[in-house]
>>> print(open('input.cif').read())   # mmCIF, N, CA and C atoms
data_target
loop_
_atom_site.label_atom_id
_atom_site.label_comp_id
_atom_site.auth_asym_id
_atom_site.auth_seq_id
_atom_site.Cartn_x
_atom_site.Cartn_y
_atom_site.Cartn_z
N MET A 1484 113.50 98.33 80.16
CA MET A 1484 114.46 98.92 79.26
C MET A 1484 115.57 97.89 79.04
N SER A 1485 115.96 97.71 77.82
CA SER A 1485 116.98 96.71 77.51
C SER A 1485 118.36 97.20 77.91
N ALA A 1486 119.27 96.25 78.05
CA ALA A 1486 120.65 96.60 78.44
C ALA A 1486 121.30 97.49 77.40
N ARG A 1487 121.00 97.25 76.13
CA ARG A 1487 121.59 98.07 75.06
C ARG A 1487 121.09 99.51 75.15
N ALA A 1488 119.79 99.68 75.41
CA ALA A 1488 119.23 101.03 75.53
C ALA A 1488 119.81 101.74 76.75
N ARG A 1489 120.00 101.02 77.84
CA ARG A 1489 120.57 101.62 79.05
C ARG A 1489 122.01 102.05 78.84
N ALA A 1490 122.74 101.33 78.03
CA ALA A 1490 124.15 101.64 77.80
C ALA A 1490 124.31 102.99 77.12
N ASN A 1491 123.28 103.45 76.40
CA ASN A 1491 123.37 104.72 75.67
C ASN A 1491 122.85 105.91 76.48
N ILE A 1492 122.33 105.67 77.68
CA ILE A 1492 121.78 106.75 78.50
C ILE A 1492 122.87 107.29 79.42
N ARG A 1493 122.99 108.62 79.45
CA ARG A 1493 123.94 109.27 80.36
C ARG A 1493 123.16 109.80 81.55
N LEU A 1494 123.60 109.40 82.73
CA LEU A 1494 122.95 109.84 83.96
C LEU A 1494 123.73 110.99 84.58
N PRO A 1495 123.05 111.86 85.32
CA PRO A 1495 123.76 112.92 86.04
C PRO A 1495 124.75 112.32 87.04
N PRO A 1496 125.81 113.03 87.38
CA PRO A 1496 126.85 112.47 88.26
C PRO A 1496 126.37 112.14 89.67
N GLU A 1497 125.30 112.79 90.16
CA GLU A 1497 124.86 112.53 91.52
C GLU A 1497 124.03 111.25 91.63
N VAL A 1498 123.62 110.66 90.52
CA VAL A 1498 122.80 109.46 90.55
C VAL A 1498 123.62 108.28 91.05
N CYS A 1499 123.07 107.56 92.04
CA CYS A 1499 123.73 106.36 92.56
C CYS A 1499 122.66 105.37 93.01
N ARG A 1500 123.06 104.18 93.39
CA ARG A 1500 122.12 103.12 93.78
C ARG A 1500 121.56 103.32 95.17
N THR A 1501 122.20 104.12 96.00
CA THR A 1501 121.78 104.31 97.39
C THR A 1501 120.95 105.58 97.51
N LEU A 1502 119.75 105.44 98.09
CA LEU A 1502 118.86 106.57 98.29
C LEU A 1502 118.76 106.90 99.78
N TYR A 1503 118.64 108.17 100.07
CA TYR A 1503 118.43 108.65 101.43
C TYR A 1503 117.02 109.22 101.49
N ILE A 1504 116.20 108.69 102.39
CA ILE A 1504 114.81 109.09 102.49
C ILE A 1504 114.58 109.79 103.82
N ARG A 1505 113.95 110.96 103.76
CA ARG A 1505 113.59 111.72 104.96
C ARG A 1505 112.10 111.90 104.99
N SER A 1506 111.61 112.35 106.12
CA SER A 1506 110.20 112.67 106.34
C SER A 1506 109.31 111.43 106.26
N LEU A 1507 109.84 110.31 106.71
CA LEU A 1507 109.04 109.08 106.78
C LEU A 1507 108.16 109.13 108.03
N PRO A 1508 107.02 108.45 107.99
CA PRO A 1508 106.24 108.30 109.23
C PRO A 1508 107.10 107.60 110.29
N LYS A 1509 106.99 108.03 111.52
CA LYS A 1509 107.85 107.50 112.59
C LYS A 1509 107.67 106.01 112.82
N LYS A 1510 106.48 105.49 112.56
CA LYS A 1510 106.21 104.08 112.86
C LYS A 1510 106.18 103.20 111.61
N ILE A 1511 106.81 103.61 110.53
CA ILE A 1511 106.81 102.80 109.32
C ILE A 1511 107.68 101.56 109.53
N THR A 1512 107.26 100.44 108.97
CA THR A 1512 108.01 99.19 109.12
C THR A 1512 108.83 98.93 107.86
N SER A 1513 109.79 98.01 107.99
CA SER A 1513 110.62 97.68 106.83
C SER A 1513 109.78 96.98 105.76
N GLU A 1514 108.74 96.22 106.17
CA GLU A 1514 107.86 95.58 105.19
C GLU A 1514 107.12 96.62 104.36
N GLU A 1515 106.67 97.68 105.01
CA GLU A 1515 106.00 98.76 104.28
C GLU A 1515 106.97 99.47 103.35
N MET A 1516 108.21 99.61 103.79
CA MET A 1516 109.23 100.23 102.94
C MET A 1516 109.47 99.36 101.70
N TYR A 1517 109.57 98.05 101.88
CA TYR A 1517 109.74 97.16 100.73
C TYR A 1517 108.54 97.25 99.79
N ASP A 1518 107.34 97.38 100.33
CA ASP A 1518 106.15 97.52 99.49
C ASP A 1518 106.21 98.79 98.64
N ILE A 1519 106.61 99.89 99.26
CA ILE A 1519 106.65 101.17 98.56
C ILE A 1519 107.80 101.22 97.54
N PHE A 1520 109.00 100.88 97.98
CA PHE A 1520 110.18 101.05 97.13
C PHE A 1520 110.44 99.85 96.22
N GLY A 1521 109.90 98.69 96.57
CA GLY A 1521 110.11 97.49 95.76
C GLY A 1521 109.41 97.52 94.42
N LYS A 1522 108.48 98.42 94.23
CA LYS A 1522 107.76 98.53 92.96
C LYS A 1522 108.68 98.98 91.82
N PHE A 1523 109.83 99.55 92.17
CA PHE A 1523 110.69 100.13 91.15
C PHE A 1523 111.89 99.24 90.80
N GLY A 1524 112.02 98.11 91.47
CA GLY A 1524 113.08 97.18 91.14
C GLY A 1524 113.57 96.44 92.36
N PRO A 1525 114.46 95.46 92.14
CA PRO A 1525 114.98 94.67 93.26
C PRO A 1525 115.79 95.54 94.23
N ILE A 1526 115.54 95.32 95.50
CA ILE A 1526 116.22 96.09 96.55
C ILE A 1526 117.25 95.20 97.21
N ARG A 1527 118.44 95.73 97.36
CA ARG A 1527 119.51 95.00 98.04
C ARG A 1527 119.39 95.15 99.55
N GLN A 1528 119.06 96.36 100.02
CA GLN A 1528 119.04 96.60 101.47
C GLN A 1528 118.19 97.82 101.80
N ILE A 1529 117.53 97.76 102.96
CA ILE A 1529 116.83 98.91 103.53
C ILE A 1529 117.27 99.05 104.97
N ARG A 1530 117.67 100.26 105.34
CA ARG A 1530 118.07 100.56 106.72
C ARG A 1530 117.20 101.69 107.25
N LEU A 1531 116.41 101.39 108.27
CA LEU A 1531 115.57 102.40 108.91
C LEU A 1531 116.29 102.99 110.11
N GLY A 1532 116.09 104.29 110.35
CA GLY A 1532 116.66 104.93 111.52
C GLY A 1532 115.80 104.66 112.74
N PHE A 1533 116.43 104.20 113.83
CA PHE A 1533 115.70 103.90 115.06
C PHE A 1533 116.06 104.83 116.21
N ALA A 1534 117.22 105.44 116.15
CA ALA A 1534 117.64 106.38 117.20
C ALA A 1534 116.77 107.63 117.12
N PRO A 1535 116.61 108.34 118.23
CA PRO A 1535 115.75 109.54 118.22
C PRO A 1535 116.12 110.56 117.14
N GLU A 1536 117.42 110.76 116.88
CA GLU A 1536 117.82 111.75 115.87
C GLU A 1536 117.73 111.23 114.44
N THR A 1537 117.58 109.90 114.25
CA THR A 1537 117.48 109.35 112.89
C THR A 1537 116.11 108.77 112.59
N LYS A 1538 115.20 108.82 113.54
CA LYS A 1538 113.85 108.29 113.31
C LYS A 1538 113.18 109.10 112.20
N GLY A 1539 112.52 108.41 111.30
CA GLY A 1539 111.90 109.09 110.17
C GLY A 1539 112.79 109.18 108.95
N THR A 1540 113.96 108.53 109.01
CA THR A 1540 114.88 108.49 107.87
C THR A 1540 115.20 107.04 107.53
N ALA A 1541 115.68 106.84 106.31
CA ALA A 1541 116.06 105.49 105.90
C ALA A 1541 117.02 105.57 104.72
N PHE A 1542 117.72 104.46 104.51
CA PHE A 1542 118.55 104.27 103.33
C PHE A 1542 117.97 103.09 102.57
N VAL A 1543 117.86 103.23 101.26
CA VAL A 1543 117.40 102.14 100.39
C VAL A 1543 118.47 101.95 99.32
N VAL A 1544 118.95 100.71 99.19
CA VAL A 1544 119.98 100.39 98.20
C VAL A 1544 119.36 99.47 97.15
N TYR A 1545 119.37 99.92 95.91
CA TYR A 1545 118.85 99.13 94.80
C TYR A 1545 119.98 98.34 94.14
N ASP A 1546 119.60 97.25 93.47
CA ASP A 1546 120.58 96.47 92.71
C ASP A 1546 121.03 97.22 91.46
N ASP A 1547 120.13 98.02 90.88
CA ASP A 1547 120.42 98.69 89.62
C ASP A 1547 120.25 100.20 89.76
N ILE A 1548 121.15 100.94 89.19
CA ILE A 1548 121.13 102.41 89.30
C ILE A 1548 119.90 103.00 88.61
N PHE A 1549 119.42 102.37 87.54
CA PHE A 1549 118.25 102.88 86.83
C PHE A 1549 116.98 102.70 87.66
N ASP A 1550 116.92 101.64 88.44
CA ASP A 1550 115.78 101.45 89.35
C ASP A 1550 115.77 102.53 90.42
N ALA A 1551 116.95 102.89 90.93
CA ALA A 1551 117.06 103.94 91.93
C ALA A 1551 116.61 105.28 91.35
N LYS A 1552 117.03 105.57 90.12
CA LYS A 1552 116.63 106.82 89.47
C LYS A 1552 115.12 106.86 89.29
N ASN A 1553 114.54 105.75 88.88
CA ASN A 1553 113.09 105.67 88.69
C ASN A 1553 112.36 105.90 90.01
N ALA A 1554 112.89 105.33 91.10
CA ALA A 1554 112.28 105.52 92.42
C ALA A 1554 112.33 106.98 92.85
N VAL A 1555 113.46 107.64 92.64
CA VAL A 1555 113.57 109.06 93.00
C VAL A 1555 112.58 109.88 92.19
N ASP A 1556 112.51 109.60 90.89
CA ASP A 1556 111.61 110.36 90.02
C ASP A 1556 110.15 110.22 90.43
N HIS A 1557 109.75 109.03 90.90
CA HIS A 1557 108.35 108.78 91.20
C HIS A 1557 107.97 108.98 92.67
N LEU A 1558 108.92 108.81 93.60
CA LEU A 1558 108.56 108.83 95.02
C LEU A 1558 108.89 110.13 95.74
N ASN A 1559 109.70 110.98 95.17
CA ASN A 1559 110.00 112.25 95.82
C ASN A 1559 108.71 113.08 95.84
N GLY A 1560 108.23 113.41 97.04
CA GLY A 1560 106.98 114.13 97.19
C GLY A 1560 105.77 113.22 97.33
N PHE A 1561 105.98 111.91 97.35
CA PHE A 1561 104.90 110.94 97.49
C PHE A 1561 104.35 111.00 98.92
N ASN A 1562 103.03 110.96 99.06
CA ASN A 1562 102.38 111.08 100.36
C ASN A 1562 102.24 109.70 100.99
N VAL A 1563 102.83 109.52 102.18
CA VAL A 1563 102.71 108.29 102.95
C VAL A 1563 102.21 108.66 104.34
N CYS A 1564 101.02 108.22 104.67
CA CYS A 1564 100.42 108.49 106.00
C CYS A 1564 100.42 109.98 106.34
N GLY A 1565 100.11 110.81 105.36
CA GLY A 1565 100.02 112.24 105.61
C GLY A 1565 101.36 112.97 105.60
N ARG A 1566 102.44 112.29 105.25
CA ARG A 1566 103.76 112.92 105.19
C ARG A 1566 104.29 112.81 103.77
N TYR A 1567 104.90 113.85 103.28
CA TYR A 1567 105.45 113.85 101.93
C TYR A 1567 106.92 113.44 101.99
N LEU A 1568 107.26 112.36 101.30
CA LEU A 1568 108.61 111.83 101.34
C LEU A 1568 109.59 112.77 100.63
N ILE A 1569 110.79 112.82 101.17
CA ILE A 1569 111.90 113.49 100.52
C ILE A 1569 112.90 112.40 100.17
N VAL A 1570 113.04 112.13 98.88
CA VAL A 1570 113.89 111.03 98.41
C VAL A 1570 115.07 111.65 97.65
N LEU A 1571 116.28 111.40 98.16
CA LEU A 1571 117.50 111.96 97.60
C LEU A 1571 118.51 110.87 97.31
N TYR A 1572 119.43 111.16 96.41
CA TYR A 1572 120.57 110.26 96.22
C TYR A 1572 121.53 110.47 97.38
N TRP A 1573 122.09 109.40 97.92
CA TRP A 1573 123.02 109.50 99.03
C TRP A 1573 124.34 110.06 98.50
N GLN A 1574 124.78 111.16 99.10
CA GLN A 1574 126.02 111.81 98.70
C GLN A 1574 126.88 111.99 99.95
N PRO A 1575 127.75 111.01 100.24
CA PRO A 1575 128.54 111.08 101.47
C PRO A 1575 129.45 112.30 101.54
N GLU A 1576 129.87 112.83 100.39
CA GLU A 1576 130.74 114.02 100.41
C GLU A 1576 130.01 115.21 101.03
N ARG A 1577 128.73 115.35 100.70
CA ARG A 1577 127.95 116.46 101.26
C ARG A 1577 127.76 116.30 102.76
N MET A 1578 127.53 115.06 103.20
CA MET A 1578 127.36 114.82 104.63
C MET A 1578 128.66 115.10 105.39
N ALA A 1579 129.80 114.76 104.79
CA ALA A 1579 131.09 115.04 105.42
C ALA A 1579 131.29 116.55 105.56
N LYS A 1580 130.89 117.30 104.54
CA LYS A 1580 131.00 118.76 104.61
C LYS A 1580 130.12 119.32 105.72
N LYS A 1581 128.89 118.79 105.84
CA LYS A 1581 128.00 119.25 106.89
C LYS A 1581 128.57 118.97 108.27
N LYS A 1582 129.16 117.77 108.44
CA LYS A 1582 129.74 117.42 109.73
C LYS A 1582 130.93 118.31 110.04
N SER A 1583 131.78 118.58 109.04
CA SER A 1583 132.93 119.43 109.30
C SER A 1583 132.48 120.86 109.60
N LEU A 1584 131.43 121.32 108.97
CA LEU A 1584 130.90 122.65 109.25
C LEU A 1584 130.36 122.71 110.68
N GLN A 1585 129.68 121.65 111.10
CA GLN A 1585 129.16 121.60 112.48
C GLN A 1585 130.33 121.62 113.47
N ALA A 1586 131.38 120.88 113.18
CA ALA A 1586 132.56 120.85 114.06
C ALA A 1586 133.19 122.24 114.14
N GLN A 1587 133.24 122.94 113.01
CA GLN A 1587 133.80 124.30 113.01
C GLN A 1587 132.95 125.24 113.86
N LYS A 1588 131.64 125.11 113.76
CA LYS A 1588 130.75 125.95 114.56
C LYS A 1588 130.94 125.69 116.05
N GLU A 1589 131.07 124.41 116.41
CA GLU A 1589 131.28 124.06 117.81
C GLU A 1589 132.62 124.60 118.31
N GLU A 1590 133.65 124.49 117.50
CA GLU A 1590 134.97 125.01 117.88
C GLU A 1590 134.92 126.53 118.06
N LEU A 1591 134.23 127.21 117.16
CA LEU A 1591 134.09 128.66 117.26
C LEU A 1591 133.35 129.05 118.53
N GLU A 1592 132.31 128.29 118.86
CA GLU A 1592 131.53 128.57 120.07
C GLU A 1592 132.39 128.37 121.32
N GLU A 1593 133.22 127.33 121.33
CA GLU A 1593 134.12 127.10 122.47
C GLU A 1593 135.11 128.24 122.62
N LEU A 1594 135.66 128.73 121.50
CA LEU A 1594 136.60 129.86 121.55
C LEU A 1594 135.90 131.12 122.07
N ARG A 1595 134.67 131.33 121.63
CA ARG A 1595 133.93 132.50 122.12
C ARG A 1595 133.74 132.44 123.62
N LYS A 1596 133.37 131.27 124.14
CA LYS A 1596 133.20 131.10 125.57
C LYS A 1596 134.51 131.32 126.31
N LYS A 1597 135.57 130.74 125.77
CA LYS A 1597 136.89 130.82 126.39
C LYS A 1597 137.37 132.26 126.48
N LEU A 1598 137.15 133.01 125.41
CA LEU A 1598 137.64 134.39 125.34
C LEU A 1598 136.61 135.42 125.80
N GLY A 1599 135.41 134.97 126.12
CA GLY A 1599 134.38 135.87 126.61
C GLY A 1599 133.79 136.76 125.52
N ALA A 1600 133.91 136.37 124.28
CA ALA A 1600 133.35 137.16 123.18
C ALA A 1600 131.86 136.86 123.03
N THR A 1601 131.16 137.82 122.47
CA THR A 1601 129.72 137.63 122.24
C THR A 1601 129.45 137.67 120.74
N LYS A 1602 128.27 137.11 120.37
CA LYS A 1602 127.87 137.16 118.96
C LYS A 1602 127.35 138.54 118.63
N ASN A 1603 127.54 138.94 117.39
CA ASN A 1603 127.04 140.25 116.93
C ASN A 1603 125.61 140.14 116.52
#
>>> encode(input="input.cif", output="structure tokens")
Amino acid sequence: MSARARANIRLPPEVCRTLYIRSLPKKITSEEMYDIFGKFGPIRQIRLGFAPETKGTAFVVYDDIFDAKNAVDHLNGFNVCGRYLIVLYWQPERMAKKKSLQAQKEELEELRKKLGATKN
């Protein structure tokens, strides 16, 4: 797509260059990730999760926002080693909300223990 044609396209506000991928095979390598995601355009960076709670997830950063959109459109639900990928745009605001919600739940649980209250 030419630069002039891209200039006239309006993208949804959640579209960004950074993708968050879940449901990856646990033993996938970064080379395999480059093979899968590199088909849609130049990649700036890939970060695989190695910790037990982040294994099976990754971040992929494209050089161009249109390449990222194309990757989401084509790879969401793509089968890799018997697992269907979940490819999302990275939205740090949503993650911050989830973390604050988790903190609120933990605080509420501590208060319940402290006051001896039970859940209904």
>>> select_by_dssp(input="input.cif", residues="chain A", states="helix (DSSP H, G or I)", output="MDAnalysis selection string")
chainID A and resid 1486:1490 1513:1523 1548:1558 1575:1598
>>> resolve_selection(input="input.cif", expression="the PyMOL selection byres (((chain A and resi 1573 and name CA) around 8) and name CA)", output="ChimeraX atom specification")
/A:1499,1501-1503,1571-1572,1574-1575
>>> select_by_dssp(input="input.cif", residues="region 1496-1573 of chain A", states="strand (DSSP E)", output="CSV table (one decimal) with N, CA and C atoms, keeping the file's coordinate frame")
chain,number,residue,atom,x,y,z
A,1501,THR,N,122.2,104.1,96.0
A,1501,THR,CA,121.8,104.3,97.4
A,1501,THR,C,121.0,105.6,97.5
A,1502,LEU,N,119.8,105.4,98.1
A,1502,LEU,CA,118.9,106.6,98.3
A,1502,LEU,C,118.8,106.9,99.8
A,1503,TYR,N,118.6,108.2,100.1
A,1503,TYR,CA,118.4,108.6,101.4
A,1503,TYR,C,117.0,109.2,101.5
A,1504,ILE,N,116.2,108.7,102.4
A,1504,ILE,CA,114.8,109.1,102.5
A,1504,ILE,C,114.6,109.8,103.8
A,1505,ARG,N,114.0,111.0,103.8
A,1505,ARG,CA,113.6,111.7,105.0
A,1505,ARG,C,112.1,111.9,105.0
A,1526,ILE,N,115.5,95.3,95.5
A,1526,ILE,CA,116.2,96.1,96.6
A,1526,ILE,C,117.2,95.2,97.2
A,1527,ARG,N,118.4,95.7,97.4
A,1527,ARG,CA,119.5,95.0,98.0
A,1527,ARG,C,119.4,95.2,99.6
A,1528,GLN,N,119.1,96.4,100.0
A,1528,GLN,CA,119.0,96.6,101.5
A,1528,GLN,C,118.2,97.8,101.8
A,1529,ILE,N,117.5,97.8,103.0
A,1529,ILE,CA,116.8,98.9,103.5
A,1529,ILE,C,117.3,99.0,105.0
A,1530,ARG,N,117.7,100.3,105.3
A,1530,ARG,CA,118.1,100.6,106.7
A,1530,ARG,C,117.2,101.7,107.2
A,1531,LEU,N,116.4,101.4,108.3
A,1531,LEU,CA,115.6,102.4,108.9
A,1531,LEU,C,116.3,103.0,110.1
A,1541,ALA,N,115.7,106.8,106.3
A,1541,ALA,CA,116.1,105.5,105.9
A,1541,ALA,C,117.0,105.6,104.7
A,1542,PHE,N,117.7,104.5,104.5
A,1542,PHE,CA,118.6,104.3,103.3
A,1542,PHE,C,118.0,103.1,102.6
A,1543,VAL,N,117.9,103.2,101.3
A,1543,VAL,CA,117.4,102.1,100.4
A,1543,VAL,C,118.5,102.0,99.3
A,1544,VAL,N,119.0,100.7,99.2
A,1544,VAL,CA,120.0,100.4,98.2
A,1544,VAL,C,119.4,99.5,97.2
A,1545,TYR,N,119.4,99.9,95.9
A,1545,TYR,CA,118.8,99.1,94.8
A,1545,TYR,C,120.0,98.3,94.1
A,1562,ASN,N,103.0,111.0,99.1
A,1562,ASN,CA,102.4,111.1,100.4
A,1562,ASN,C,102.2,109.7,101.0
A,1563,VAL,N,102.8,109.5,102.2
A,1563,VAL,CA,102.7,108.3,103.0
A,1563,VAL,C,102.2,108.7,104.3
A,1566,ARG,N,102.4,112.3,105.2
A,1566,ARG,CA,103.8,112.9,105.2
A,1566,ARG,C,104.3,112.8,103.8
A,1567,TYR,N,104.9,113.8,103.3
A,1567,TYR,CA,105.4,113.8,101.9
A,1567,TYR,C,106.9,113.4,102.0
A,1569,ILE,N,110.8,112.8,101.2
A,1569,ILE,CA,111.9,113.5,100.5
A,1569,ILE,C,112.9,112.4,100.2
A,1570,VAL,N,113.0,112.1,98.9
A,1570,VAL,CA,113.9,111.0,98.4
A,1570,VAL,C,115.1,111.6,97.6
A,1571,LEU,N,116.3,111.4,98.2
A,1571,LEU,CA,117.5,112.0,97.6
A,1571,LEU,C,118.5,110.9,97.3
A,1572,TYR,N,119.4,111.2,96.4
A,1572,TYR,CA,120.6,110.3,96.2
A,1572,TYR,C,121.5,110.5,97.4
>>> resolve_selection(input="input.cif", expression="the PyMOL selection byres (((chain A and resi 1568 and name CA) around 8) and name CA)", output="PDB file with N, CA and C atoms, in the coordinates of the input")
ATOM      1  N   ILE A1504     116.200 108.690 102.390  1.00  0.00           N
ATOM      2  CA  ILE A1504     114.810 109.090 102.490  1.00  0.00           C
ATOM      3  C   ILE A1504     114.580 109.790 103.820  1.00  0.00           C
ATOM      4  N   ARG A1505     113.950 110.960 103.760  1.00  0.00           N
ATOM      5  CA  ARG A1505     113.590 111.720 104.960  1.00  0.00           C
ATOM      6  C   ARG A1505     112.100 111.900 104.990  1.00  0.00           C
ATOM      7  N   SER A1506     111.610 112.350 106.120  1.00  0.00           N
ATOM      8  CA  SER A1506     110.200 112.670 106.340  1.00  0.00           C
ATOM      9  C   SER A1506     109.310 111.430 106.260  1.00  0.00           C
ATOM     10  N   LEU A1507     109.840 110.310 106.710  1.00  0.00           N
ATOM     11  CA  LEU A1507     109.040 109.080 106.780  1.00  0.00           C
ATOM     12  C   LEU A1507     108.160 109.130 108.030  1.00  0.00           C
ATOM     13  N   LEU A1558     108.920 108.810  93.600  1.00  0.00           N
ATOM     14  CA  LEU A1558     108.560 108.830  95.020  1.00  0.00           C
ATOM     15  C   LEU A1558     108.890 110.130  95.740  1.00  0.00           C
ATOM     16  N   ASN A1559     109.700 110.980  95.170  1.00  0.00           N
ATOM     17  CA  ASN A1559     110.000 112.250  95.820  1.00  0.00           C
ATOM     18  C   ASN A1559     108.710 113.080  95.840  1.00  0.00           C
ATOM     19  N   GLY A1560     108.230 113.410  97.040  1.00  0.00           N
ATOM     20  CA  GLY A1560     106.980 114.130  97.190  1.00  0.00           C
ATOM     21  C   GLY A1560     105.770 113.220  97.330  1.00  0.00           C
ATOM     22  N   PHE A1561     105.980 111.910  97.350  1.00  0.00           N
ATOM     23  CA  PHE A1561     104.900 110.940  97.490  1.00  0.00           C
ATOM     24  C   PHE A1561     104.350 111.000  98.920  1.00  0.00           C
ATOM     25  N   ASN A1562     103.030 110.960  99.060  1.00  0.00           N
ATOM     26  CA  ASN A1562     102.380 111.080 100.360  1.00  0.00           C
ATOM     27  C   ASN A1562     102.240 109.700 100.990  1.00  0.00           C
ATOM     28  N   VAL A1563     102.830 109.520 102.180  1.00  0.00           N
ATOM     29  CA  VAL A1563     102.710 108.290 102.950  1.00  0.00           C
ATOM     30  C   VAL A1563     102.210 108.660 104.340  1.00  0.00           C
ATOM     31  N   ARG A1566     102.440 112.290 105.250  1.00  0.00           N
ATOM     32  CA  ARG A1566     103.760 112.920 105.190  1.00  0.00           C
ATOM     33  C   ARG A1566     104.290 112.810 103.770  1.00  0.00           C
ATOM     34  N   TYR A1567     104.900 113.850 103.280  1.00  0.00           N
ATOM     35  CA  TYR A1567     105.450 113.850 101.930  1.00  0.00           C
ATOM     36  C   TYR A1567     106.920 113.440 101.990  1.00  0.00           C
ATOM     37  N   ILE A1569     110.790 112.820 101.170  1.00  0.00           N
ATOM     38  CA  ILE A1569     111.900 113.490 100.520  1.00  0.00           C
ATOM     39  C   ILE A1569     112.900 112.400 100.170  1.00  0.00           C
ATOM     40  N   VAL A1570     113.040 112.130  98.880  1.00  0.00           N
ATOM     41  CA  VAL A1570     113.890 111.030  98.410  1.00  0.00           C
ATOM     42  C   VAL A1570     115.070 111.650  97.650  1.00  0.00           C
TER      43      VAL A1570
END
>>> resolve_selection(input="input.cif", expression="the PyMOL selection byres ((chain A and resi 1536-1545) around 6.5)", output="list in words")
Arg1500, Thr1501, Leu1502, Tyr1503, Ile1504, Arg1505, Ser1506, Leu1507, Pro1508, Lys1509, Gly1524, Pro1525, Ile1526, Arg1527, Gln1528, Ile1529, Arg1530, Leu1531, Gly1532, Phe1533, Ala1534, Pro1535, Asp1546, Asp1547, Ile1548, Asp1550 and Ala1551 of chain A
>>> axis_aligned_box(input="input.cif", around="region 1494-1511 of chain A", padding_each_side="4 Å", output="lines of an AutoDock Vina configuration file")
center_x = 116.5
center_y = 107.3
center_z = 97.8
size_x = 28.7
size_y = 19.5
size_z = 38.1
>>> atom_distance(input="input.cif", atom1="CA of Asn1553 (chain A)", atom2="atom C of Phe1523 (chain A)")
6.9 Å
>>> atom_distance(input="input.cif", atom1="CA of Gln1585 (chain A)", atom2="CA of Ala1600 (chain A)")
19.3 Å
>>> atom_distance(input="input.cif", atom1="atom N of Glu1514 (chain A)", atom2="CA of Lys1552 (chain A)")
21.3 Å
>>> residues_around(input="input.cif", residues="Leu1494 (chain A)", least_positions_apart="2", cutoff="9 Å", atoms="only C-alpha atoms", output="ChimeraX atom specification")
/A:1492,1496-1498,1549,1552
